[in-house]
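work_2.cif follows (mmCIF, C-alpha atoms, pLDDT in the B column; chains and numbers go by the auth columns):
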```
data_final
loop_
_atom_site.group_PDB
_atom_site.id
_atom_site.type_symbol
_atom_site.label_atom_id
_atom_site.label_comp_id
_atom_site.label_asym_id
_atom_site.label_seq_id
_atom_site.Cartn_x
_atom_site.Cartn_y
_atom_site.Cartn_z
_atom_site.B_iso_or_equiv
_atom_site.auth_seq_id
_atom_site.auth_asym_id
ATOM 1 C CA MET A 1 56.103 15.611 26.560 86.00 1 O
ATOM 2 C CA LYS A 2 56.645 15.217 22.835 90.00 2 O
ATOM 3 C CA THR A 3 60.008 14.296 21.374 90.00 3 O
ATOM 4 C CA VAL A 4 60.788 16.423 18.337 92.00 4 O
ATOM 5 C CA THR A 5 62.419 13.680 16.299 91.00 5 O
ATOM 6 C CA ALA A 6 63.496 10.099 16.841 92.00 6 O
ATOM 7 C CA SER A 7 65.367 7.982 14.328 93.00 7 O
ATOM 8 C CA GLN A 8 66.626 4.408 14.132 93.00 8 O
ATOM 9 C CA GLU A 9 68.474 2.418 11.487 93.00 9 O
ATOM 10 C CA VAL A 10 68.287 -1.290 10.616 93.00 10 O
ATOM 11 C CA PRO A 11 71.290 -2.501 8.583 93.00 11 O
ATOM 12 C CA PHE A 12 70.918 -5.277 6.009 92.00 12 O
ATOM 13 C CA PRO A 13 73.662 -7.395 4.362 90.00 13 O
ATOM 14 C CA SER A 14 74.671 -7.323 0.711 87.00 14 O
ATOM 15 C CA GLY A 15 72.646 -10.373 -0.395 88.00 15 O
ATOM 16 C CA VAL A 16 69.362 -8.847 0.772 92.00 16 O
ATOM 17 C CA THR A 17 67.245 -6.224 -0.999 93.00 17 O
ATOM 18 C CA VAL A 18 64.731 -4.109 0.905 94.00 18 O
ATOM 19 C CA SER A 19 62.071 -1.946 -0.702 94.00 19 O
ATOM 20 C CA VAL A 20 59.652 0.435 1.004 94.00 20 O
ATOM 21 C CA ALA A 21 56.549 1.781 -0.741 94.00 21 O
ATOM 22 C CA SER A 22 54.124 3.788 1.439 91.00 22 O
ATOM 23 C CA ARG A 23 55.119 1.885 4.619 92.00 23 O
ATOM 24 C CA ILE A 24 54.778 -1.558 3.003 95.00 24 O
ATOM 25 C CA VAL A 25 58.171 -3.204 3.527 96.00 25 O
ATOM 26 C CA THR A 26 59.321 -6.031 1.229 96.00 26 O
ATOM 27 C CA VAL A 27 62.501 -7.930 2.105 96.00 27 O
ATOM 28 C CA THR A 28 63.955 -10.346 -0.472 95.00 28 O
ATOM 29 C CA GLY A 29 66.870 -12.671 0.201 94.00 29 O
ATOM 30 C CA PRO A 30 68.292 -16.099 -0.662 95.00 30 O
ATOM 31 C CA ARG A 31 65.477 -17.954 1.155 94.00 31 O
ATOM 32 C CA GLY A 32 62.573 -16.007 -0.339 94.00 32 O
ATOM 33 C CA SER A 33 60.580 -12.834 0.168 95.00 33 O
ATOM 34 C CA ILE A 34 58.524 -11.399 3.057 96.00 34 O
ATOM 35 C CA THR A 35 56.126 -8.441 2.906 96.00 35 O
ATOM 36 C CA LYS A 36 54.691 -6.618 5.923 95.00 36 O
ATOM 37 C CA ASP A 37 52.339 -3.654 6.144 96.00 37 O
ATOM 38 C CA PHE A 38 53.184 -0.897 8.672 94.00 38 O
ATOM 39 C CA LYS A 39 50.526 1.620 7.546 94.00 39 O
ATOM 40 C CA HIS A 40 48.902 1.681 10.992 93.00 40 O
ATOM 41 C CA ILE A 41 51.984 3.458 12.426 90.00 41 O
ATOM 42 C CA GLN A 42 52.577 7.074 11.372 91.00 42 O
ATOM 43 C CA MET A 43 56.303 7.236 10.596 92.00 43 O
ATOM 44 C CA GLU A 44 58.737 7.822 7.741 94.00 44 O
ATOM 45 C CA MET A 45 60.629 4.888 6.244 94.00 45 O
ATOM 46 C CA SER A 46 63.410 5.089 3.675 93.00 46 O
ATOM 47 C CA VAL A 47 66.036 2.722 2.292 92.00 47 O
ATOM 48 C CA VAL A 48 69.683 3.781 1.998 89.00 48 O
ATOM 49 C CA GLU A 49 71.470 1.434 -0.422 86.00 49 O
ATOM 50 C CA ALA A 50 74.961 -0.009 0.152 79.00 50 O
ATOM 51 C CA THR A 51 77.832 2.291 -0.830 78.00 51 O
ATOM 52 C CA THR A 52 81.626 2.378 -0.784 76.00 52 O
ATOM 53 C CA ASP A 53 83.562 4.788 1.430 76.00 53 O
ATOM 54 C CA GLU A 54 86.775 6.716 0.666 77.00 54 O
ATOM 55 C CA GLU A 55 89.045 3.716 1.406 80.00 55 O
ATOM 56 C CA GLY A 56 87.108 1.415 -0.938 75.00 56 O
ATOM 57 C CA ASN A 57 85.301 -0.558 1.796 78.00 57 O
ATOM 58 C CA THR A 58 81.667 -1.435 1.216 77.00 58 O
ATOM 59 C CA VAL A 59 79.198 -0.062 3.734 75.00 59 O
ATOM 60 C CA ASP A 60 76.014 -2.097 4.236 85.00 60 O
ATOM 61 C CA GLY A 61 72.721 -0.517 3.316 89.00 61 O
ATOM 62 C CA TYR A 62 70.133 0.241 5.979 92.00 62 O
ATOM 63 C CA VAL A 63 66.489 1.053 6.503 93.00 63 O
ATOM 64 C CA LYS A 64 66.026 4.417 8.222 95.00 64 O
ATOM 65 C CA VAL A 65 62.880 4.916 10.302 94.00 65 O
ATOM 66 C CA ASP A 66 62.023 8.458 11.464 94.00 66 O
ATOM 67 C CA LEU A 67 59.327 9.604 13.855 93.00 67 O
ATOM 68 C CA TRP A 68 58.373 13.252 14.400 93.00 68 O
ATOM 69 C CA PHE A 69 56.686 14.867 17.430 93.00 69 O
ATOM 70 C CA ALA A 70 55.988 11.595 19.201 90.00 70 O
ATOM 71 C CA LEU A 71 54.793 10.713 22.666 91.00 71 O
ATOM 72 C CA ARG A 72 56.126 7.728 24.631 91.00 72 O
ATOM 73 C CA LYS A 73 53.755 5.190 23.084 90.00 73 O
ATOM 74 C CA GLN A 74 54.686 6.234 19.550 89.00 74 O
ATOM 75 C CA LEU A 75 58.396 6.081 20.479 91.00 75 O
ATOM 76 C CA ALA A 76 57.879 2.486 21.601 93.00 76 O
ATOM 77 C CA CYS A 77 56.411 1.715 18.156 93.00 77 O
ATOM 78 C CA LEU A 78 59.655 2.916 16.559 93.00 78 O
ATOM 79 C CA ARG A 79 61.741 0.170 18.192 93.00 79 O
ATOM 80 C CA THR A 80 59.026 -2.443 17.565 94.00 80 O
ATOM 81 C CA THR A 81 58.914 -1.636 13.848 95.00 81 O
ATOM 82 C CA CYS A 82 62.709 -1.848 13.580 95.00 82 O
ATOM 83 C CA SER A 83 62.669 -5.214 15.379 96.00 83 O
ATOM 84 C CA HIS A 84 60.079 -6.527 12.901 96.00 84 O
ATOM 85 C CA ILE A 85 62.240 -5.435 9.958 96.00 85 O
ATOM 86 C CA ALA A 86 65.339 -7.006 11.524 96.00 86 O
ATOM 87 C CA ASN A 87 63.425 -10.290 12.016 96.00 87 O
ATOM 88 C CA MET A 88 62.349 -10.184 8.356 95.00 88 O
ATOM 89 C CA ILE A 89 65.998 -9.774 7.292 95.00 89 O
ATOM 90 C CA THR A 90 67.055 -12.687 9.517 95.00 90 O
ATOM 91 C CA GLY A 91 64.205 -14.797 8.113 95.00 91 O
ATOM 92 C CA VAL A 92 65.184 -14.384 4.449 95.00 92 O
ATOM 93 C CA THR A 93 68.877 -15.063 5.194 95.00 93 O
ATOM 94 C CA CYS A 94 68.853 -17.802 7.884 94.00 94 O
ATOM 95 C CA GLY A 95 65.227 -18.691 8.638 94.00 95 O
ATOM 96 C CA PHE A 96 63.676 -19.660 11.965 97.00 96 O
ATOM 97 C CA LEU A 97 63.356 -23.054 13.674 97.00 97 O
ATOM 98 C CA TYR A 98 61.162 -23.987 16.642 97.00 98 O
ATOM 99 C CA LYS A 99 61.532 -27.443 18.225 97.00 99 O
ATOM 100 C CA MET A 100 58.664 -28.853 20.283 96.00 100 O
ATOM 101 C CA ARG A 101 58.720 -31.908 22.564 96.00 101 O
ATOM 102 C CA PHE A 102 55.830 -34.139 23.636 95.00 102 O
ATOM 103 C CA VAL A 103 55.417 -34.545 27.397 94.00 103 O
ATOM 104 C CA TYR A 104 53.193 -37.337 28.699 94.00 104 O
ATOM 105 C CA SER A 105 53.076 -39.610 31.732 93.00 105 O
ATOM 106 C CA HIS A 106 50.890 -42.508 30.586 92.00 106 O
ATOM 107 C CA PHE A 107 49.048 -42.027 27.304 94.00 107 O
ATOM 108 C CA PRO A 108 51.509 -41.417 24.437 95.00 108 O
ATOM 109 C CA ILE A 109 50.615 -38.372 22.339 95.00 109 O
ATOM 110 C CA ASN A 110 50.347 -39.098 18.618 94.00 110 O
ATOM 111 C CA VAL A 111 50.914 -36.153 16.229 95.00 111 O
ATOM 112 C CA THR A 112 50.563 -36.510 12.445 94.00 112 O
ATOM 113 C CA LEU A 113 50.410 -34.219 9.443 95.00 113 O
ATOM 114 C CA ASN A 114 47.371 -34.696 7.214 95.00 114 O
ATOM 115 C CA GLY A 115 47.668 -32.372 4.218 93.00 115 O
ATOM 116 C CA LYS A 116 47.981 -28.879 5.735 94.00 116 O
ATOM 117 C CA THR A 117 46.500 -29.944 9.107 96.00 117 O
ATOM 118 C CA VAL A 118 48.411 -31.066 12.211 96.00 118 O
ATOM 119 C CA GLU A 119 46.352 -33.698 14.073 96.00 119 O
ATOM 120 C CA ILE A 120 46.935 -34.463 17.758 96.00 120 O
ATOM 121 C CA ARG A 121 45.507 -37.796 18.926 95.00 121 O
ATOM 122 C CA ASN A 122 45.368 -39.771 22.192 95.00 122 O
ATOM 123 C CA PHE A 123 46.050 -36.702 24.361 94.00 123 O
ATOM 124 C CA LEU A 124 45.346 -37.858 27.947 92.00 124 O
ATOM 125 C CA GLY A 125 43.676 -40.909 26.379 93.00 125 O
ATOM 126 C CA GLU A 126 40.862 -38.818 24.890 93.00 126 O
ATOM 127 C CA LYS A 127 39.148 -39.889 21.682 95.00 127 O
ATOM 128 C CA ARG A 128 38.857 -36.295 20.458 94.00 128 O
ATOM 129 C CA VAL A 129 41.203 -35.357 17.597 96.00 129 O
ATOM 130 C CA ARG A 130 42.670 -31.874 17.957 96.00 130 O
ATOM 131 C CA LYS A 131 43.392 -30.156 14.623 97.00 131 O
ATOM 132 C CA VAL A 132 45.568 -27.132 13.851 96.00 132 O
ATOM 133 C CA GLU A 133 45.873 -25.658 10.351 96.00 133 O
ATOM 134 C CA LEU A 134 49.449 -24.980 9.205 95.00 134 O
ATOM 135 C CA LEU A 135 50.073 -21.309 8.446 94.00 135 O
ATOM 136 C CA ASP A 136 51.548 -20.095 5.160 93.00 136 O
ATOM 137 C CA GLY A 137 55.306 -20.514 4.901 93.00 137 O
ATOM 138 C CA VAL A 138 55.619 -22.895 7.878 95.00 138 O
ATOM 139 C CA ASP A 139 57.076 -26.372 7.304 95.00 139 O
ATOM 140 C CA TYR A 140 56.252 -29.214 9.707 96.00 140 O
ATOM 141 C CA GLU A 141 58.769 -32.016 10.196 95.00 141 O
ATOM 142 C CA ARG A 142 58.914 -34.954 12.606 95.00 142 O
ATOM 143 C CA SER A 143 62.432 -35.348 14.045 93.00 143 O
ATOM 144 C CA SER A 144 64.016 -38.639 13.043 92.00 144 O
ATOM 145 C CA ASP A 145 66.887 -38.636 15.549 93.00 145 O
ATOM 146 C CA VAL A 146 64.943 -37.508 18.662 93.00 146 O
ATOM 147 C CA LYS A 147 61.862 -39.345 19.932 92.00 147 O
ATOM 148 C CA ASP A 148 58.668 -37.338 20.450 93.00 148 O
ATOM 149 C CA GLN A 149 59.852 -34.109 18.818 96.00 149 O
ATOM 150 C CA ILE A 150 58.560 -31.971 15.965 96.00 150 O
ATOM 151 C CA GLU A 151 60.264 -29.103 14.154 96.00 151 O
ATOM 152 C CA LEU A 152 58.600 -26.008 12.698 96.00 152 O
ATOM 153 C CA ARG A 153 60.632 -24.054 10.109 96.00 153 O
ATOM 154 C CA GLY A 154 59.944 -20.924 8.121 96.00 154 O
ATOM 155 C CA ASN A 155 61.100 -17.494 7.043 95.00 155 O
ATOM 156 C CA ASP A 156 58.493 -15.423 8.887 95.00 156 O
ATOM 157 C CA LEU A 157 59.064 -15.412 12.659 96.00 157 O
ATOM 158 C CA THR A 158 55.476 -14.319 13.282 95.00 158 O
ATOM 159 C CA ASN A 159 53.999 -17.349 11.512 96.00 159 O
ATOM 160 C CA VAL A 160 56.462 -19.886 12.951 97.00 160 O
ATOM 161 C CA SER A 161 56.019 -18.713 16.549 97.00 161 O
ATOM 162 C CA LEU A 162 52.227 -18.412 16.134 97.00 162 O
ATOM 163 C CA MET A 163 52.104 -21.996 14.836 97.00 163 O
ATOM 164 C CA ALA A 164 54.083 -23.216 17.872 97.00 164 O
ATOM 165 C CA ALA A 165 51.748 -21.306 20.196 97.00 165 O
ATOM 166 C CA LYS A 166 48.641 -22.764 18.536 97.00 166 O
ATOM 167 C CA ILE A 167 49.954 -26.330 18.892 96.00 167 O
ATOM 168 C CA GLN A 168 50.855 -25.728 22.541 96.00 168 O
ATOM 169 C CA GLN A 169 47.459 -24.186 23.316 96.00 169 O
ATOM 170 C CA MET A 170 45.614 -27.128 21.749 95.00 170 O
ATOM 171 C CA THR A 171 47.051 -29.320 24.514 94.00 171 O
ATOM 172 C CA ASN A 172 46.032 -27.099 27.434 94.00 172 O
ATOM 173 C CA ILE A 173 44.805 -29.060 30.457 92.00 173 O
ATOM 174 C CA ARG A 174 41.396 -27.977 31.741 91.00 174 O
ATOM 175 C CA HIS A 175 39.462 -28.904 34.890 92.00 175 O
ATOM 176 C CA LYS A 176 42.436 -30.786 36.381 92.00 176 O
ATOM 177 C CA ASP A 177 45.309 -29.975 38.730 94.00 177 O
ATOM 178 C CA LEU A 178 47.984 -28.368 36.522 91.00 178 O
ATOM 179 C CA ARG A 179 50.728 -29.273 39.025 92.00 179 O
ATOM 180 C CA LYS A 180 49.987 -32.980 38.573 93.00 180 O
ATOM 181 C CA PHE A 181 48.893 -33.186 34.917 93.00 181 O
ATOM 182 C CA LEU A 182 51.888 -31.840 33.007 93.00 182 O
ATOM 183 C CA ASP A 183 51.050 -33.497 29.680 94.00 183 O
ATOM 184 C CA GLY A 184 51.291 -31.387 26.542 95.00 184 O
ATOM 185 C CA ILE A 185 53.462 -30.287 23.628 96.00 185 O
ATOM 186 C CA TYR A 186 55.943 -27.598 24.643 96.00 186 O
ATOM 187 C CA VAL A 187 58.554 -25.467 22.853 97.00 187 O
ATOM 188 C CA SER A 188 61.962 -26.833 23.812 96.00 188 O
ATOM 189 C CA GLU A 189 64.247 -24.819 21.533 95.00 189 O
ATOM 190 C CA LYS A 190 64.099 -21.663 19.412 93.00 190 O
ATOM 191 C CA GLY A 191 66.591 -20.591 16.806 85.00 191 O
#
```

Written form, structure tokens:
Amino acid sequence: MKTVTASQEVPFPSGVTVSVASRIVTVTGPRGSITKDFKHIQMEMSVVEATTDEEGNTVDGYVKVDLWFALRKQLACLRTTCSHIANMITGVTCGFLYKMRFVYSHFPINVTLNGKTVEIRNFLGEKRVRKVELLDGVDYERSSDVKDQIELRGNDLTNVSLMAAKIQQMTNIRHKDLRKFLDGIYVSEKG
């Protein structure tokens, strides 16, 4: 059954500006700017700027997303789109940080940054060098206070989490007992 109309709002703080032009959303804040394209989803998007109410208090602006005559799958897209916009707002104000730890039993894993490429060496004692290209807007840093830990930082949650997933998948164990061989690089903390 179709729902006649569904609407959701995503508030944004005063230091952030959001612009929508034909379902291309641009969020600009103190840490930078992020642009995402939502043209594949048929919905209305509009920005309501911050105002002051009768008592003189400032009311935060918000992005209003409307969906007309939608089935269940389109209604699910409404919440997903609003979550993406909220993550963009969080990214330009606070940013995202993923911490990854090296797990090994005998052969120590060696991870280095060579230009824009993360190189993983000596995984399970293999000579093969595993390489992962850094995505745009993702900063790689080796933790100085914690042994065998790397940190991935960035404004775009999609790129930071995708980078962490790519590094973890490069150290997948194949053709061995996964209960015994637990070596790899795993996400230990998200924030």

List the residues selected by the PyMOL selection byres ((chain O and resi 126) around 12) in the file shown, writing them as a CSV table (one decimal) with C-alpha atoms, keeping the file's coordinate frame.
```csv
chain,number,residue,atom,x,y,z
O,107,PHE,CA,49.0,-42.0,27.3
O,108,PRO,CA,51.5,-41.4,24.4
O,109,ILE,CA,50.6,-38.4,22.3
O,110,ASN,CA,50.3,-39.1,18.6
O,120,ILE,CA,46.9,-34.5,17.8
O,121,ARG,CA,45.5,-37.8,18.9
O,122,ASN,CA,45.4,-39.8,22.2
O,123,PHE,CA,46.0,-36.7,24.4
O,124,LEU,CA,45.3,-37.9,27.9
O,125,GLY,CA,43.7,-40.9,26.4
O,127,LYS,CA,39.1,-39.9,21.7
O,128,ARG,CA,38.9,-36.3,20.5
O,129,VAL,CA,41.2,-35.4,17.6
O,130,ARG,CA,42.7,-31.9,18.0
O,171,THR,CA,47.1,-29.3,24.5
O,173,ILE,CA,44.8,-29.1,30.5
```

Q: For atom CA of O:Val48 and atom CA of O:Val160, determine how far apart the two atoms are, in Å to one decimal place.
A: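 Distance between the two atoms: 29.2 Å.
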
Q) Mind listing as a ChimeraX atom specification all residues within 12 Å of (54.4, -22.8, 22.3), counting only C-alpha atoms? A) /O:98-102,150-152,160-172,184-190

Residue subset to file, keeping C-alpha atoms, as a PDB file, in the frame of the given file:
```
ATOM      1  CA  TYR O  98      61.162 -23.987  16.642  1.00 97.00           C
ATOM      2  CA  LYS O  99      61.532 -27.443  18.225  1.00 97.00           C
ATOM      3  CA  MET O 100      58.664 -28.853  20.283  1.00 96.00           C
ATOM      4  CA  ARG O 101      58.720 -31.908  22.564  1.00 96.00           C
ATOM      5  CA  PHE O 102      55.830 -34.139  23.636  1.00 95.00           C
ATOM      6  CA  ILE O 150      58.560 -31.971  15.965  1.00 96.00           C
ATOM      7  CA  GLU O 151      60.264 -29.103  14.154  1.00 96.00           C
ATOM      8  CA  LEU O 152      58.600 -26.008  12.698  1.00 96.00           C
ATOM      9  CA  VAL O 160      56.462 -19.886  12.951  1.00 97.00           C
ATOM     10  CA  SER O 161      56.019 -18.713  16.549  1.00 97.00           C
ATOM     11  CA  LEU O 162      52.227 -18.412  16.134  1.00 97.00           C
ATOM     12  CA  MET O 163      52.104 -21.996  14.836  1.00 97.00           C
ATOM     13  CA  ALA O 164      54.083 -23.216  17.872  1.00 97.00           C
ATOM     14  CA  ALA O 165      51.748 -21.306  20.196  1.00 97.00           C
ATOM     15  CA  LYS O 166      48.641 -22.764  18.536  1.00 97.00           C
ATOM     16  CA  ILE O 167      49.954 -26.330  18.892  1.00 96.00           C
ATOM     17  CA  GLN O 168      50.855 -25.728  22.541  1.00 96.00           C
ATOM     18  CA  GLN O 169      47.459 -24.186  23.316  1.00 96.00           C
ATOM     19  CA  MET O 170      45.614 -27.128  21.749  1.00 95.00           C
ATOM     20  CA  THR O 171      47.051 -29.320  24.514  1.00 94.00           C
ATOM     21  CA  ASN O 172      46.032 -27.099  27.434  1.00 94.00           C
ATOM     22  CA  GLY O 184      51.291 -31.387  26.542  1.00 95.00           C
ATOM     23  CA  ILE O 185      53.462 -30.287  23.628  1.00 96.00           C
ATOM     24  CA  TYR O 186      55.943 -27.598  24.643  1.00 96.00           C
ATOM     25  CA  VAL O 187      58.554 -25.467  22.853  1.00 97.00           C
ATOM     26  CA  SER O 188      61.962 -26.833  23.812  1.00 96.00           C
ATOM     27  CA  GLU O 189      64.247 -24.819  21.533  1.00 95.00           C
ATOM     28  CA  LYS O 190      64.099 -21.663  19.412  1.00 93.00           C
TER      29      LYS O 190
END
```

Q.
For the PyMOL selection byres ((chain O and resi 24) around 9), applied here, can you spell out every residue it catches as a PyMOL selection string?
A. chain O and resi 19-23+25-26+35-39

Sorted by chain and rising residue number, list the residues of stretch 37-113 of chain O at most 12 Å from stretch 153-158 of chain O (counting all atoms listed in the file), each with its closest atom pair and distance in Å to one decimal, as a Markdown table.
```
| residue | atom | partner | partner_atom | distance |
| --- | --- | --- | --- | --- |
| O:Ser83 | CA | O:Leu157 | CA | 11.2 |
| O:His84 | CA | O:Leu157 | CA | 8.9 |
| O:Ile85 | CA | O:Asp156 | CA | 10.7 |
| O:Ala86 | CA | O:Leu157 | CA | 10.6 |
| O:Asn87 | CA | O:Leu157 | CA | 6.8 |
| O:Met88 | CA | O:Asp156 | CA | 6.5 |
| O:Ile89 | CA | O:Asn155 | CA | 9.1 |
| O:Thr90 | CA | O:Asn155 | CA | 8.0 |
| O:Gly91 | CA | O:Asn155 | CA | 4.2 |
| O:Val92 | CA | O:Asn155 | CA | 5.8 |
| O:Thr93 | CA | O:Asn155 | CA | 8.4 |
| O:Cys94 | CA | O:Asn155 | CA | 7.8 |
| O:Gly95 | CA | O:Asn155 | CA | 4.6 |
| O:Phe96 | CA | O:Gly154 | CA | 5.5 |
| O:Leu97 | CA | O:Arg153 | CA | 4.6 |
| O:Tyr98 | CA | O:Arg153 | CA | 6.6 |
| O:Lys99 | CA | O:Arg153 | CA | 8.8 |
| O:Met100 | CA | O:Arg153 | CA | 11.4 |
```

Q: Could you give me, as a PyMOL selection string, the residues that have an atom at most 12 Å away from the point (56.6, 9.1, 23.9) in the coordinates of the file, using all atoms listed in the file?
A: chain O and resi 1-6+67-79

Store the residues picked out above in a file with C-alpha atoms, as a PDB file, in the frame of the given file.
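As a result, selection_12.pdb now contains:
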```pdb
ATOM      1  CA  MET O   1      56.103  15.611  26.560  1.00 86.00           C
ATOM      2  CA  LYS O   2      56.645  15.217  22.835  1.00 90.00           C
ATOM      3  CA  THR O   3      60.008  14.296  21.374  1.00 90.00           C
ATOM      4  CA  VAL O   4      60.788  16.423  18.337  1.00 92.00           C
ATOM      5  CA  THR O   5      62.419  13.680  16.299  1.00 91.00           C
ATOM      6  CA  ALA O   6      63.496  10.099  16.841  1.00 92.00           C
ATOM      7  CA  LEU O  67      59.327   9.604  13.855  1.00 93.00           C
ATOM      8  CA  TRP O  68      58.373  13.252  14.400  1.00 93.00           C
ATOM      9  CA  PHE O  69      56.686  14.867  17.430  1.00 93.00           C
ATOM     10  CA  ALA O  70      55.988  11.595  19.201  1.00 90.00           C
ATOM     11  CA  LEU O  71      54.793  10.713  22.666  1.00 91.00           C
ATOM     12  CA  ARG O  72      56.126   7.728  24.631  1.00 91.00           C
ATOM     13  CA  LYS O  73      53.755   5.190  23.084  1.00 90.00           C
ATOM     14  CA  GLN O  74      54.686   6.234  19.550  1.00 89.00           C
ATOM     15  CA  LEU O  75      58.396   6.081  20.479  1.00 91.00           C
ATOM     16  CA  ALA O  76      57.879   2.486  21.601  1.00 93.00           C
ATOM     17  CA  CYS O  77      56.411   1.715  18.156  1.00 93.00           C
ATOM     18  CA  LEU O  78      59.655   2.916  16.559  1.00 93.00           C
ATOM     19  CA  ARG O  79      61.741   0.170  18.192  1.00 93.00           C
TER      20      ARG O  79
END
```

Q) Quick one: distance from atom CA of O:Pro30 to atom CA of O:Asp66 in Å, one decimal? A)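 Taking atom CA of O:Pro30 as the start and atom CA of O:Asp66 as the end point, the length is 28.1 Å.
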
Report as JSON the centre and the edge lengths, in Å to one decimal, of the axis-aligned box holding every listed atom of stretch 23-35 of chain O, padded by 5 Å on each side.
```
{"center_x": 61.5, "center_y": -8.0, "center_z": 2.0, "size_x": 23.5, "size_y": 29.8, "size_z": 15.3}
```

(Q) Excluding O:Val16 and its own-chain neighbours fewer than 2 positions away, which residues fall within 7 Å of it when counting only C-alpha atoms? Please give them as a list in words. (A) Phe12, Pro13, Ser14, Val18, Thr28 and Gly29 of chain O

Grab the residues selected above and save them as a PDB file, keeping the file's coordinate frame with C-alpha atoms.
```
ATOM      1  CA  PHE O  12      70.918  -5.277   6.009  1.00 92.00           C
ATOM      2  CA  PRO O  13      73.662  -7.395   4.362  1.00 90.00           C
ATOM      3  CA  SER O  14      74.671  -7.323   0.711  1.00 87.00           C
ATOM      4  CA  VAL O  18      64.731  -4.109   0.905  1.00 94.00           C
ATOM      5  CA  THR O  28      63.955 -10.346  -0.472  1.00 95.00           C
ATOM      6  CA  GLY O  29      66.870 -12.671   0.201  1.00 94.00           C
TER       7      GLY O  29
END
```

Residue by residue, what does the PyMOL selection byres ((chain O and resi 11) around 6) grab here? Present the result as a PDB file with C-alpha atoms, keeping the file's coordinate frame.
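After the write, out-v8.pdb holds the following:
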```
ATOM      1  CA  VAL O  10      68.287  -1.290  10.616  1.00 93.00           C
ATOM      2  CA  PHE O  12      70.918  -5.277   6.009  1.00 92.00           C
ATOM      3  CA  GLY O  61      72.721  -0.517   3.316  1.00 89.00           C
ATOM      4  CA  TYR O  62      70.133   0.241   5.979  1.00 92.00           C
TER       5      TYR O  62
END
```

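The interatomic distance for the pair atom CA of O:Gln149 and atom CA of O:Thr112 works out to 11.5 Å.
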
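With all atoms listed in the file as the atoms that count, the residue of O:Glu119, O:Val63, O:Ile41, O:Asn159 with the shortest distance to O:Val138 is O:Asn159.
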
Atoms kept (N, CA, C and O atoms) for stretch 160-171 of chain O, as a PDB file, in the first residue's frame:
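As written to disk, selection_8.pdb reads:
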```
ATOM      1  N   VAL O 160      36.203   6.656   5.062  1.00  0.00           N
ATOM      2  CA  VAL O 160      37.002   6.165   6.186  1.00  0.00           C
ATOM      3  C   VAL O 160      36.656   4.709   6.479  1.00  0.00           C
ATOM      4  O   VAL O 160      37.545   3.860   6.655  1.00  0.00           O
ATOM      5  N   SER O 161      35.367   4.379   6.523  1.00  0.00           N
ATOM      6  CA  SER O 161      34.969   3.005   6.824  1.00  0.00           C
ATOM      7  C   SER O 161      35.324   2.057   5.676  1.00  0.00           C
ATOM      8  O   SER O 161      35.711   0.905   5.911  1.00  0.00           O
ATOM      9  N   LEU O 162      35.223   2.538   4.424  1.00  0.00           N
ATOM     10  CA  LEU O 162      35.604   1.711   3.279  1.00  0.00           C
ATOM     11  C   LEU O 162      37.100   1.425   3.288  1.00  0.00           C
ATOM     12  O   LEU O 162      37.534   0.314   2.965  1.00  0.00           O
ATOM     13  N   MET O 163      37.903   2.402   3.706  1.00  0.00           N
ATOM     14  CA  MET O 163      39.351   2.195   3.795  1.00  0.00           C
ATOM     15  C   MET O 163      39.680   1.141   4.857  1.00  0.00           C
ATOM     16  O   MET O 163      40.528   0.267   4.641  1.00  0.00           O
ATOM     17  N   ALA O 164      38.995   1.216   6.007  1.00  0.00           N
ATOM     18  CA  ALA O 164      39.206   0.221   7.066  1.00  0.00           C
ATOM     19  C   ALA O 164      38.802  -1.174   6.588  1.00  0.00           C
ATOM     20  O   ALA O 164      39.495  -2.158   6.861  1.00  0.00           O
ATOM     21  N   ALA O 165      37.705  -1.253   5.847  1.00  0.00           N
ATOM     22  CA  ALA O 165      37.247  -2.551   5.339  1.00  0.00           C
ATOM     23  C   ALA O 165      38.230  -3.122   4.324  1.00  0.00           C
ATOM     24  O   ALA O 165      38.502  -4.333   4.319  1.00  0.00           O
ATOM     25  N   LYS O 166      38.784  -2.258   3.458  1.00  0.00           N
ATOM     26  CA  LYS O 166      39.739  -2.738   2.460  1.00  0.00           C
ATOM     27  C   LYS O 166      40.999  -3.284   3.121  1.00  0.00           C
ATOM     28  O   LYS O 166      41.533  -4.319   2.704  1.00  0.00           O
ATOM     29  N   ILE O 167      41.494  -2.587   4.157  1.00  0.00           N
ATOM     30  CA  ILE O 167      42.694  -3.055   4.855  1.00  0.00           C
ATOM     31  C   ILE O 167      42.407  -4.385   5.551  1.00  0.00           C
ATOM     32  O   ILE O 167      43.226  -5.309   5.522  1.00  0.00           O
ATOM     33  N   GLN O 168      41.229  -4.497   6.173  1.00  0.00           N
ATOM     34  CA  GLN O 168      40.897  -5.748   6.856  1.00  0.00           C
ATOM     35  C   GLN O 168      40.753  -6.901   5.860  1.00  0.00           C
ATOM     36  O   GLN O 168      41.214  -8.010   6.111  1.00  0.00           O
ATOM     37  N   GLN O 169      40.151  -6.638   4.699  1.00  0.00           N
ATOM     38  CA  GLN O 169      39.949  -7.701   3.726  1.00  0.00           C
ATOM     39  C   GLN O 169      41.242  -8.119   3.037  1.00  0.00           C
ATOM     40  O   GLN O 169      41.319  -9.232   2.508  1.00  0.00           O
ATOM     41  N   MET O 170      42.250  -7.253   3.024  1.00  0.00           N
ATOM     42  CA  MET O 170      43.536  -7.650   2.443  1.00  0.00           C
ATOM     43  C   MET O 170      44.235  -8.702   3.285  1.00  0.00           C
ATOM     44  O   MET O 170      45.113  -9.411   2.794  1.00  0.00           O
ATOM     45  N   THR O 171      43.861  -8.806   4.569  1.00  0.00           N
ATOM     46  CA  THR O 171      44.490  -9.793   5.444  1.00  0.00           C
ATOM     47  C   THR O 171      43.539 -10.943   5.757  1.00  0.00           C
ATOM     48  O   THR O 171      43.607 -11.523   6.841  1.00  0.00           O
TER      49      THR O 171
END
```
